[in-house]
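Shown next: work.cif, containing mmCIF, N, CA and C atoms.
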```cif
data_run
#
loop_
_atom_site.label_atom_id
_atom_site.label_comp_id
_atom_site.auth_asym_id
_atom_site.auth_seq_id
_atom_site.Cartn_x
_atom_site.Cartn_y
_atom_site.Cartn_z
N MET A 1 55.83 101.39 110.71
CA MET A 1 57.07 100.86 111.21
C MET A 1 58.14 101.00 110.13
N ASN A 2 59.36 101.28 110.54
CA ASN A 2 60.47 101.48 109.61
C ASN A 2 61.03 100.12 109.19
N LYS A 3 61.08 99.85 107.90
CA LYS A 3 61.55 98.56 107.39
C LYS A 3 63.08 98.45 107.40
N ASP A 4 63.78 99.58 107.48
CA ASP A 4 65.23 99.56 107.43
C ASP A 4 65.86 99.20 108.77
N ARG A 5 65.10 99.21 109.83
CA ARG A 5 65.66 98.90 111.14
C ARG A 5 65.84 97.39 111.29
N ALA A 6 66.91 97.04 111.93
CA ALA A 6 67.20 95.62 112.14
C ALA A 6 66.33 95.10 113.29
N ARG A 7 65.80 93.93 113.11
CA ARG A 7 64.99 93.28 114.13
C ARG A 7 65.65 91.97 114.52
N PRO A 8 65.39 91.49 115.70
CA PRO A 8 65.96 90.20 116.08
C PRO A 8 65.53 89.12 115.10
N GLY A 9 66.48 88.31 114.68
CA GLY A 9 66.19 87.24 113.73
C GLY A 9 66.48 87.62 112.30
N ASP A 10 66.74 88.91 112.01
CA ASP A 10 67.08 89.31 110.65
C ASP A 10 68.47 88.80 110.31
N LYS A 11 68.64 88.44 109.07
CA LYS A 11 69.95 87.98 108.61
C LYS A 11 70.80 89.19 108.25
N ALA A 12 72.11 89.09 108.53
CA ALA A 12 73.01 90.20 108.26
C ALA A 12 73.13 90.47 106.76
N GLU A 13 73.12 89.41 105.94
CA GLU A 13 73.30 89.63 104.50
C GLU A 13 72.08 90.28 103.86
N ASP A 14 70.93 90.25 104.52
CA ASP A 14 69.75 90.92 104.00
C ASP A 14 69.85 92.43 104.14
N LYS A 15 70.67 92.90 105.07
CA LYS A 15 70.77 94.33 105.36
C LYS A 15 71.97 95.00 104.70
N VAL A 16 72.72 94.29 103.86
CA VAL A 16 73.89 94.87 103.20
C VAL A 16 73.42 95.85 102.14
N LEU A 17 73.89 97.07 102.25
CA LEU A 17 73.52 98.10 101.30
C LEU A 17 74.58 98.19 100.20
N PRO A 18 74.21 98.34 98.96
CA PRO A 18 75.20 98.46 97.89
C PRO A 18 75.93 99.80 97.98
N VAL A 19 77.13 99.83 97.44
CA VAL A 19 77.91 101.06 97.43
C VAL A 19 77.29 102.00 96.41
N ALA A 20 77.07 103.23 96.83
CA ALA A 20 76.47 104.21 95.93
C ALA A 20 77.43 104.51 94.79
N ALA A 21 76.89 104.78 93.64
CA ALA A 21 77.71 105.05 92.46
C ALA A 21 78.55 106.30 92.64
N SER A 22 78.07 107.26 93.44
CA SER A 22 78.83 108.49 93.63
C SER A 22 80.04 108.28 94.53
N SER A 23 80.03 107.27 95.42
CA SER A 23 81.16 107.05 96.31
C SER A 23 82.15 106.05 95.74
N ARG A 24 81.84 105.42 94.63
CA ARG A 24 82.74 104.42 94.05
C ARG A 24 84.09 105.00 93.63
N PRO A 25 84.16 106.19 93.03
CA PRO A 25 85.49 106.73 92.69
C PRO A 25 86.38 106.94 93.90
N PHE A 26 85.79 107.19 95.07
CA PHE A 26 86.60 107.39 96.27
C PHE A 26 87.26 106.09 96.72
N LEU A 27 86.76 104.95 96.27
CA LEU A 27 87.38 103.68 96.62
C LEU A 27 88.67 103.46 95.85
N TYR A 28 88.84 104.15 94.73
CA TYR A 28 90.05 103.99 93.92
C TYR A 28 91.24 104.72 94.53
N TYR A 29 91.02 105.74 95.33
CA TYR A 29 92.12 106.51 95.90
C TYR A 29 93.01 105.69 96.83
N PRO A 30 92.47 104.90 97.75
CA PRO A 30 93.36 104.09 98.58
C PRO A 30 94.15 103.05 97.78
N VAL A 31 93.51 102.48 96.77
CA VAL A 31 94.20 101.50 95.93
C VAL A 31 95.32 102.17 95.15
N ALA A 32 95.04 103.32 94.57
CA ALA A 32 96.06 104.06 93.82
C ALA A 32 97.19 104.50 94.73
N THR A 33 96.86 104.92 95.94
CA THR A 33 97.90 105.34 96.89
C THR A 33 98.80 104.18 97.26
N ALA A 34 98.22 103.02 97.51
CA ALA A 34 99.02 101.84 97.85
C ALA A 34 99.93 101.44 96.70
N MET A 35 99.42 101.53 95.47
CA MET A 35 100.24 101.15 94.31
C MET A 35 101.40 102.13 94.11
N VAL A 36 101.13 103.42 94.25
CA VAL A 36 102.19 104.42 94.08
C VAL A 36 103.24 104.29 95.18
N CYS A 37 102.81 104.08 96.42
CA CYS A 37 103.76 103.91 97.53
C CYS A 37 104.60 102.66 97.34
N GLY A 38 103.99 101.59 96.89
CA GLY A 38 104.75 100.36 96.63
C GLY A 38 105.79 100.55 95.54
N ALA A 39 105.40 101.26 94.48
CA ALA A 39 106.35 101.52 93.40
C ALA A 39 107.50 102.39 93.88
N LEU A 40 107.21 103.38 94.71
CA LEU A 40 108.28 104.23 95.23
C LEU A 40 109.23 103.47 96.15
N ILE A 41 108.70 102.54 96.93
CA ILE A 41 109.55 101.74 97.79
C ILE A 41 110.47 100.85 96.97
N ILE A 42 109.96 100.29 95.87
CA ILE A 42 110.81 99.48 95.00
C ILE A 42 111.90 100.34 94.37
N VAL A 43 111.57 101.57 93.98
CA VAL A 43 112.58 102.47 93.41
C VAL A 43 113.66 102.77 94.45
N ILE A 44 113.26 102.99 95.69
CA ILE A 44 114.25 103.27 96.74
C ILE A 44 115.13 102.04 96.98
N GLU A 45 114.56 100.85 96.91
CA GLU A 45 115.38 99.63 97.07
C GLU A 45 116.40 99.51 95.94
N ILE A 46 115.98 99.78 94.72
CA ILE A 46 116.91 99.68 93.58
C ILE A 46 117.99 100.75 93.69
N LEU A 47 117.61 101.96 94.08
CA LEU A 47 118.63 103.00 94.27
C LEU A 47 119.59 102.64 95.39
N GLY A 48 119.07 102.02 96.45
CA GLY A 48 119.95 101.58 97.54
C GLY A 48 120.95 100.55 97.08
N SER A 49 120.51 99.64 96.21
CA SER A 49 121.46 98.65 95.70
C SER A 49 122.51 99.30 94.82
N ARG A 50 122.13 100.34 94.11
CA ARG A 50 123.12 101.06 93.27
C ARG A 50 124.13 101.82 94.12
N VAL A 51 123.69 102.31 95.27
CA VAL A 51 124.60 103.05 96.16
C VAL A 51 125.54 102.08 96.87
N ILE A 52 125.02 100.95 97.35
CA ILE A 52 125.82 99.99 98.11
C ILE A 52 126.64 99.10 97.18
N GLY A 53 126.19 98.93 95.95
CA GLY A 53 126.82 98.01 95.01
C GLY A 53 128.32 98.18 94.80
N PRO A 54 128.81 99.40 94.59
CA PRO A 54 130.26 99.55 94.36
C PRO A 54 131.12 99.14 95.56
N PHE A 55 130.59 99.20 96.75
CA PHE A 55 131.38 98.87 97.93
C PHE A 55 131.28 97.39 98.31
N PHE A 56 130.10 96.80 98.15
CA PHE A 56 129.89 95.42 98.59
C PHE A 56 129.51 94.48 97.45
N SER A 57 129.50 94.95 96.24
CA SER A 57 129.07 94.24 95.04
C SER A 57 127.57 93.97 95.10
N ALA A 58 127.00 93.58 93.99
CA ALA A 58 125.55 93.34 93.93
C ALA A 58 125.27 91.87 94.19
N SER A 59 125.55 91.47 95.40
CA SER A 59 125.38 90.06 95.75
C SER A 59 124.02 89.83 96.40
N LEU A 60 123.77 88.58 96.69
CA LEU A 60 122.53 88.21 97.36
C LEU A 60 122.47 88.82 98.75
N PHE A 61 123.62 88.94 99.41
CA PHE A 61 123.67 89.53 100.74
C PHE A 61 123.19 90.98 100.72
N VAL A 62 123.57 91.73 99.69
CA VAL A 62 123.15 93.13 99.57
C VAL A 62 121.63 93.21 99.40
N TRP A 63 121.07 92.38 98.54
CA TRP A 63 119.62 92.41 98.31
C TRP A 63 118.85 91.97 99.53
N ILE A 64 119.34 90.96 100.23
CA ILE A 64 118.66 90.50 101.44
C ILE A 64 118.68 91.58 102.50
N SER A 65 119.81 92.25 102.66
CA SER A 65 119.89 93.31 103.67
C SER A 65 119.01 94.50 103.30
N LEU A 66 118.95 94.86 102.03
CA LEU A 66 118.09 95.97 101.62
C LEU A 66 116.61 95.64 101.83
N ILE A 67 116.19 94.47 101.45
CA ILE A 67 114.79 94.08 101.62
C ILE A 67 114.44 93.96 103.10
N THR A 68 115.37 93.46 103.90
CA THR A 68 115.13 93.35 105.34
C THR A 68 114.97 94.73 105.98
N VAL A 69 115.83 95.65 105.63
CA VAL A 69 115.72 97.00 106.17
C VAL A 69 114.41 97.65 105.75
N THR A 70 114.00 97.43 104.51
CA THR A 70 112.76 98.02 104.02
C THR A 70 111.56 97.43 104.74
N VAL A 71 111.54 96.13 104.94
CA VAL A 71 110.39 95.49 105.60
C VAL A 71 110.34 95.87 107.09
N VAL A 72 111.48 95.93 107.73
CA VAL A 72 111.51 96.29 109.14
C VAL A 72 111.12 97.75 109.36
N ALA A 73 111.55 98.61 108.45
CA ALA A 73 111.20 100.03 108.57
C ALA A 73 109.75 100.20 108.27
#
```
Rewritten as structure tokens:
Amino acid sequence: MNKDRARPGDKAEDKVLPVAASSRPFLYYPVATAMVCGALIIVIEILGSRVIGPFFSASLFVWISLITVTVVA
């Protein structure tokens, strides 16, 4: 009989398999992608404030509108 097959009454935490060492580096790619995308979005927000700043000044209204547009988009 195969011991790896789930049987009625088995606990779910008993069947959790550890992540193989060879697949661990692939887990870093989504994290790195999220960090790079977040940094680029912050750069775009700062550049947007620099573009809008001369016309509307760098007030709280400008920052609120830029963050709102970024979150909604």
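Between CA of Leu47 in chain A and CA of Val71 in chain A there is a distance of 15.9 Å.
One distance worth recording is that between atom N of Phe56 in chain A and atom N of Thr68 in chain A, which is 16.2 Å.
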Checklist entry - Could you state the separation of atom N of Ile44 in chain A and CA of Tyr29 in chain A in Å, given to one decimal place? => result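 Computing it gives 21.4 Å between the two atoms.
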Item to check | Given only C-alpha atoms as the counted atoms, nearest of A:Ser65, A:Thr70, A:Gly53, A:Pro25 to Leu40 in chain A | outcome: A:Thr70
